[in-house]
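S.K.: My file is protein-v5.txt. It has compact mmCIF, C-alpha atoms (C1' of nucleotides):
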```txt
# COMPACT_ATOMS: atom_id res chain seq x y z
CA MET S 13 132.44 143.34 69.34
CA LYS S 14 131.57 143.46 73.02
CA ILE S 15 131.93 140.12 74.83
CA ALA S 16 130.91 139.78 78.47
CA THR S 17 131.16 137.11 81.15
CA PHE S 18 128.60 137.03 83.96
CA ASN S 19 128.00 134.48 86.74
CA ILE S 20 124.28 135.07 87.26
CA ASN S 21 123.73 132.69 90.21
CA GLY S 22 120.48 131.17 88.97
CA ILE S 23 118.59 132.13 85.78
CA LYS S 24 115.20 131.94 87.49
CA ALA S 25 116.15 134.33 90.27
CA ARG S 26 118.15 136.65 88.00
CA ILE S 27 115.99 136.95 84.90
CA ASN S 28 114.87 140.56 85.47
CA ALA S 29 118.31 141.79 86.54
CA LEU S 30 119.89 140.00 83.59
CA LEU S 31 117.45 141.38 81.00
CA ASP S 32 117.86 144.92 82.37
CA TRP S 33 121.64 144.64 82.10
CA LEU S 34 121.47 143.18 78.57
CA ASP S 35 119.18 145.99 77.42
CA GLU S 36 121.55 148.60 78.81
CA ALA S 37 124.99 147.11 78.19
CA GLN S 38 124.06 145.61 74.79
CA PRO S 39 126.85 143.02 74.68
CA ASP S 40 127.17 141.20 71.37
CA VAL S 41 128.02 138.06 73.32
CA ALA S 42 127.28 137.10 76.94
CA LEU S 43 128.93 134.04 78.47
CA LEU S 44 126.81 133.02 81.46
CA GLN S 45 127.68 130.78 84.38
CA GLU S 46 125.65 129.14 87.15
CA ILE S 47 122.39 129.12 85.22
CA LYS S 48 121.27 126.40 87.68
CA SER S 49 118.81 125.11 85.14
CA VAL S 50 118.31 122.24 82.77
CA ASP S 51 118.31 123.19 79.09
CA GLU S 52 114.55 122.69 78.73
CA ASN S 53 113.75 125.21 81.47
CA PHE S 54 116.09 127.97 80.27
CA PRO S 55 113.87 130.91 79.18
CA ARG S 56 115.48 131.18 75.75
CA GLU S 57 112.53 133.05 74.19
CA LEU S 58 113.19 136.08 76.41
CA PHE S 59 116.64 136.37 74.86
CA GLU S 60 115.62 135.41 71.33
CA GLU S 61 113.05 138.20 71.25
CA ARG S 62 115.93 140.57 72.02
CA GLY S 63 117.88 139.31 69.05
CA TYR S 64 120.14 136.79 70.79
CA ASN S 65 120.94 133.28 69.67
CA VAL S 66 121.03 130.94 72.68
CA GLU S 67 123.08 127.83 73.43
CA THR S 68 123.00 126.18 76.84
CA HIS S 69 124.79 123.42 78.69
CA GLY S 70 122.69 122.98 81.79
CA GLN S 71 122.14 120.57 84.63
CA LYS S 72 119.67 120.35 87.45
CA SER S 73 120.09 122.67 90.47
CA PHE S 74 123.79 123.38 90.10
CA ASN S 75 126.38 124.78 87.71
CA GLY S 76 125.34 125.21 84.07
CA VAL S 77 126.74 127.56 81.42
CA ALA S 78 125.23 129.33 78.42
CA ILE S 79 126.14 131.60 75.52
CA LEU S 80 123.97 134.42 74.20
CA SER S 81 125.06 135.96 70.90
CA LYS S 82 123.63 138.45 68.45
CA LEU S 83 125.61 136.70 65.71
CA PRO S 84 124.94 133.04 64.90
CA LEU S 85 126.68 130.49 67.14
CA GLU S 86 128.55 127.90 65.11
CA ASP S 87 130.35 124.64 65.94
CA VAL S 88 128.96 124.49 69.49
CA THR S 89 130.57 121.94 71.81
CA ARG S 90 129.70 121.14 75.42
CA GLY S 91 131.84 119.81 78.24
CA LEU S 92 135.56 120.21 78.92
CA PRO S 93 137.48 117.38 77.24
CA GLY S 94 139.62 114.98 79.23
CA ASP S 95 137.21 113.12 81.53
CA ASP S 96 134.14 111.41 80.10
CA SER S 97 132.92 110.58 83.61
CA ASP S 98 132.64 114.30 84.57
CA GLU S 99 128.92 115.13 84.66
CA GLN S 100 129.20 118.72 85.89
CA ALA S 101 128.12 121.31 83.30
CA ARG S 102 130.96 123.84 83.39
CA TRP S 103 132.18 124.35 79.82
CA ILE S 104 130.74 125.43 76.46
CA GLU S 105 132.39 126.58 73.23
CA ALA S 106 131.16 128.22 70.06
CA THR S 107 132.42 130.28 67.14
CA VAL S 108 131.00 133.60 66.00
CA VAL S 109 132.07 135.42 62.87
CA GLY S 110 132.39 139.18 62.85
CA LYS S 111 135.04 140.88 60.73
CA GLN S 112 136.81 137.60 61.41
CA ALA S 113 135.99 134.48 63.39
CA ILE S 114 136.51 134.14 67.14
CA ARG S 115 136.34 130.93 69.18
CA LEU S 116 134.53 131.56 72.49
CA CYS S 117 134.97 129.32 75.52
CA GLY S 118 132.67 129.89 78.50
CA LEU S 119 133.70 128.26 81.77
CA TYR S 120 132.69 127.82 85.39
CA LEU S 121 135.76 126.55 87.20
CA PRO S 122 135.12 124.51 90.37
CA ASN S 123 135.27 126.35 93.69
CA GLY S 124 137.36 123.66 95.36
CA ASN S 125 136.55 124.23 99.01
CA PRO S 126 137.03 122.77 101.49
CA THR S 127 140.76 122.12 101.27
CA PRO S 128 142.23 119.67 101.38
CA GLY S 129 139.68 117.16 100.11
CA PRO S 130 137.98 115.64 97.07
CA LYS S 131 136.50 118.96 95.94
CA TYR S 132 139.94 120.55 95.84
CA ASP S 133 141.32 117.52 94.02
CA TYR S 134 138.51 117.95 91.45
CA LYS S 135 139.39 121.63 91.03
CA LEU S 136 143.05 120.92 90.35
CA ALA S 137 142.22 118.04 88.00
CA TRP S 138 139.76 120.30 86.15
CA MET S 139 142.46 122.96 85.80
CA GLU S 140 144.82 120.34 84.37
CA ARG S 141 142.19 119.56 81.71
CA LEU S 142 141.72 123.30 81.15
CA HIS S 143 145.46 123.64 80.63
CA ALA S 144 145.33 120.97 77.92
CA ARG S 145 142.45 122.68 76.11
CA ALA S 146 144.19 126.06 76.50
CA ALA S 147 147.42 124.68 75.02
CA ALA S 148 145.52 123.30 72.03
CA LEU S 149 143.80 126.67 71.54
CA MET S 150 147.15 128.43 71.70
CA ALA S 151 148.68 126.00 69.19
CA SER S 152 145.80 126.61 66.79
CA GLU S 153 146.76 130.31 66.61
CA GLU S 154 143.08 131.19 66.54
CA VAL S 155 141.45 134.42 67.62
CA ALA S 156 139.98 132.98 70.81
CA LEU S 157 139.14 133.65 74.42
CA MET S 158 138.34 131.63 77.53
CA ALA S 159 136.11 133.59 79.86
CA GLY S 160 134.10 132.91 82.96
CA ASP S 161 134.12 132.41 86.70
CA TYR S 162 137.62 131.03 87.29
CA ASN S 163 137.22 130.91 91.07
CA ILE S 164 140.82 132.10 91.28
CA ILE S 165 142.09 135.26 93.01
CA PRO S 166 145.23 135.69 90.88
CA GLN S 167 147.16 137.93 93.29
CA ASP S 168 146.76 139.51 96.71
CA GLU S 169 145.89 142.84 95.06
CA ASP S 170 142.75 141.15 93.69
CA ALA S 171 141.21 140.87 97.18
CA ALA S 172 140.18 143.53 99.68
CA ARG S 173 141.37 141.28 102.55
CA PRO S 174 143.93 138.87 101.07
CA GLU S 175 144.75 137.49 104.51
CA ALA S 176 141.21 136.13 104.78
CA TRP S 177 141.72 134.02 101.65
CA GLN S 178 145.19 132.65 102.35
CA LYS S 179 144.03 129.11 103.02
CA ASP S 180 141.08 129.19 100.64
CA ALA S 181 140.87 127.16 97.43
CA LEU S 182 140.51 130.44 95.50
CA ALA S 183 143.91 131.74 96.58
CA LEU S 184 146.10 128.85 97.72
CA PRO S 185 149.55 128.88 96.09
CA GLU S 186 148.74 125.65 94.25
CA SER S 187 145.56 127.22 92.80
CA ARG S 188 147.35 130.37 91.74
CA ALA S 189 150.19 128.36 90.22
CA ALA S 190 147.73 126.31 88.16
CA PHE S 191 146.12 129.53 86.89
CA ARG S 192 149.50 131.12 86.12
CA ARG S 193 150.56 128.02 84.26
CA ILE S 194 147.59 128.45 81.93
CA VAL S 195 148.10 132.21 81.48
CA ASN S 196 151.79 131.60 80.85
CA LEU S 197 150.97 129.55 77.77
CA GLY S 198 150.73 133.01 76.22
CA PHE S 199 147.30 134.31 77.20
CA THR S 200 146.54 137.91 78.06
CA GLU S 201 144.41 138.36 81.17
CA ALA S 202 142.40 141.19 79.68
CA PHE S 203 141.35 143.13 82.75
CA ARG S 204 144.81 143.22 84.32
CA ALA S 205 146.39 144.09 81.01
CA ARG S 206 144.37 147.29 80.85
CA ASN S 207 143.80 148.15 84.51
CA PRO S 208 146.91 148.11 86.72
CA SER S 209 145.31 149.44 89.89
CA PRO S 210 144.39 147.16 92.81
CA GLY S 211 141.01 147.10 94.55
CA GLN S 212 138.87 146.14 91.55
CA TYR S 213 136.55 143.23 92.14
CA SER S 214 133.97 141.09 90.38
CA PHE S 215 132.43 139.30 93.38
CA TRP S 216 131.11 140.43 96.74
CA ASP S 217 129.64 137.86 99.15
CA TYR S 218 125.99 138.27 100.11
CA GLN S 219 127.03 137.84 103.75
CA ALA S 220 128.36 140.24 106.34
CA GLY S 221 127.75 143.39 104.28
CA SER S 222 130.59 142.64 101.89
CA TRP S 223 129.22 144.92 99.17
CA GLN S 224 128.63 147.83 101.52
CA ARG S 225 132.20 147.49 102.82
CA ASP S 226 133.62 146.86 99.32
CA ASP S 227 135.03 143.58 100.66
CA GLY S 228 135.35 141.96 97.26
CA ILE S 229 137.52 139.64 95.19
CA ARG S 230 138.34 139.52 91.48
CA ILE S 231 137.67 135.99 90.22
CA ASP S 232 135.92 136.45 86.86
CA HIS S 233 138.47 136.63 84.06
CA LEU S 234 138.84 136.80 80.28
CA LEU S 235 141.94 135.11 78.86
CA LEU S 236 142.82 136.08 75.28
CA THR S 237 145.05 134.30 72.79
CA PRO S 238 147.70 136.58 71.23
CA GLN S 239 145.57 136.83 68.10
CA ALA S 240 142.65 138.08 70.22
CA ALA S 241 144.82 140.28 72.44
CA ASP S 242 145.96 142.15 69.33
CA LEU S 243 142.32 143.20 68.89
CA LEU S 244 141.74 144.29 72.52
CA LEU S 245 140.26 147.78 72.75
CA ASP S 246 138.86 147.86 76.28
CA CYS S 247 138.01 145.76 79.34
CA GLN S 248 135.72 146.90 82.15
CA ILE S 249 133.80 145.62 85.17
CA ASP S 250 130.13 146.63 85.41
CA LYS S 251 130.43 147.14 89.17
CA ASP S 252 127.22 149.12 89.73
CA ILE S 253 125.13 146.05 88.88
CA ARG S 254 125.96 144.65 92.32
CA GLY S 255 124.07 147.48 94.08
CA ARG S 256 120.79 146.85 92.30
CA GLU S 257 117.71 144.91 93.33
CA LYS S 258 118.11 141.14 93.64
CA PRO S 259 121.67 141.13 92.32
CA SER S 260 123.93 138.17 91.62
CA ASP S 261 126.94 138.03 93.93
CA HIS S 262 129.07 138.43 90.75
CA VAL S 263 129.01 141.31 88.25
CA PRO S 264 129.67 141.31 84.49
CA VAL S 265 133.19 141.77 83.12
CA TRP S 266 133.53 142.57 79.42
CA VAL S 267 136.01 143.18 76.63
CA GLU S 268 135.62 145.23 73.48
CA LEU S 269 137.50 143.59 70.59
CA ASP S 270 138.16 145.11 67.18
CA LEU S 271 136.26 142.51 65.20
C1' DA A 7 135.53 128.78 115.30
C1' DT A 8 131.16 129.50 113.15
C1' DG A 9 127.73 131.77 110.74
C1' DC A 10 126.47 135.48 108.26
C1' DC A 11 123.09 135.31 102.79
C1' DG A 12 120.95 133.51 98.83
C1' DC A 13 119.68 129.90 95.47
C1' DT A 14 117.78 125.33 94.53
C1' DC A 15 114.54 121.43 95.14
C1' DC A 16 110.45 115.21 94.65
C1' DT A 17 110.91 122.45 99.30
C1' DC A 18 109.65 124.03 105.26
C1' DG A 19 115.69 121.77 105.84
C1' DA A 20 119.90 120.86 103.71
C1' DG A 21 123.49 121.07 100.07
C1' DC A 22 126.13 124.28 97.79
C1' DG A 23 128.58 128.36 96.95
C1' DA A 24 133.01 131.69 97.73
```
Since I need it in another form, could you write the structure as structure tokens?
M.R.:
Amino acid sequence: MKIATFNINGIKARINALLDWLDEAQPDVALLQEIKSVDENFPRELFEERGYNVETHGQKSFNGVAILSKLPLEDVTRGLPGDDSDEQARWIEATVVGKQAIRLCGLYLPNGNPTPGPKYDYKLAWMERLHARAAALMASEEVALMAGDYNIIPQDEDAARPEAWQKDALALPESRAAFRRIVNLGFTEAFRARNPSPGQYSFWDYQAGSWQRDDGIRIDHLLLTPQAADLLLDCQIDKDIRGREKPSDHVPVWVELDL
DNA sequence: ATGCCGCTCCTCGAGCGA
């Protein structure tokens, strides 16, 4: 089963690029972030006619996450637990059943800039809630993964110019520590587990010719519970997508699991 | 130090992103 995460930066602007990638890459599941659409305006028919089931958790203009799956999506829940007053659409969960069941969590973690400030406070608070959900997932001993745009550069080797990110919410020690604390519950960060070399990125800014200069960062991650990590066959970044027409600033990252 | 670029919307300028 091939499961991908992809921050598409707007479903309306990305529909052609997204459909082309789906037709080629043929993921069984795609966890999407930044759909920037309300549920009613998400073009679900375009995916359904390609054999995907569609579940969305959208909001107007900003954020928004979705799951596309060739297998039925069961037990869908929306919103990260822990703060009923949080109205930002950044979390969706569902179960699909292949050879065995897997719980899928799609997430769009807050950017957090500028620091310090309320947006950074929100990021850290959101990560505290994520830690709680992650701990519960770990305790359940399920085959599960949490994948999406984490807005975290885990280590200096995950940025072309780490010095440029030193004081950024994506790389501050407190951000990295919060991410490590979640991984250290026992998760396997799939890409790093299979690809030790530095210089591999999932985001290149639209500005200042970042793509042309390969000035990227790796911020889109798939975290696997031990039960899922045991099934890990492969993990890759579809880098070439970034060089196409009207690309997102992120590219897909995917795992192949033996289920 | 700032903006670069791109997306969105009660759209022609501003908020947001990373």
S.K.: Quick check, in Å to one decimal: how far apart do CA of Thr68 (chain S) and CA of Leu83 (chain S) lie?
M.R.: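 That distance, rounded to one decimal, is 15.5 Å.
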S.K.: Separation of CA of Pro166 (chain S) and CA of Ala16 (chain S), in Å?
M.R.: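 Going from CA of Pro166 (chain S) over to CA of Ala16 (chain S) covers 19.4 Å.
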S.K.: Determine which residues of chain S sit within 6 Å of chain A, taking into account all atoms listed in the file, and present them as a list in words.
M.R.: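 Selected residues: Ser73, Tyr218, Gln219 and Ala220 of chain S.
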S.K.: Counting only C-alpha atoms (C1' of nucleotides), note down every residue that has an atom within 6 Å of the point (123.3, 122.5, 82.7) (file coordinates), as a PyMOL selection string.
M.R.: chain S and resi 49-50+69-71+76+101
S.K.: For Asn163 (chain S), which residue among S:Leu184, S:Ala241, S:Val108, S:Leu80 is the nearest when counting only C-alpha atoms?
M.R.: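 Among the listed residues, the smallest separation from Asn163 (chain S) belongs to S:Leu184.
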S.K.: Report, in Å with one decimal, the straight-line distance from CA of Gly129 (chain S) to CA of Leu182 (chain S).
M.R.: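 For CA of Gly129 (chain S) relative to CA of Leu182 (chain S), the distance reads 14.1 Å.
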S.K.: Centre and edge lengths, as JSON, for the axis-aligned box enclosing every listed atom of region 10-23 of chain A with 5 Å of padding on each of the six sides, in Å to one decimal?
M.R.:
```
{"center_x": 119.1, "center_y": 125.3, "center_z": 101.4, "size_x": 28.9, "size_y": 30.3, "size_z": 23.7}
```
S.K.: Between S:His143, S:Ile20, S:Gln45, S:Trp177, single out the one closest to Trp33 (chain S), counting all atoms listed in the file.
M.R.: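 Going through S:His143, S:Ile20, S:Gln45, S:Trp177 one by one, the smallest distance to Trp33 (chain S) is for S:Ile20.
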S.K.: Skipping near chain neighbours, those fewer than 5 positions away, what residues fall within 9 Å of Pro93 (chain S) using all atoms listed in the file, listed as a list in words?
M.R.: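 My list of contacting residues is Arg141, Leu142, Ala144 and Arg145 of chain S.
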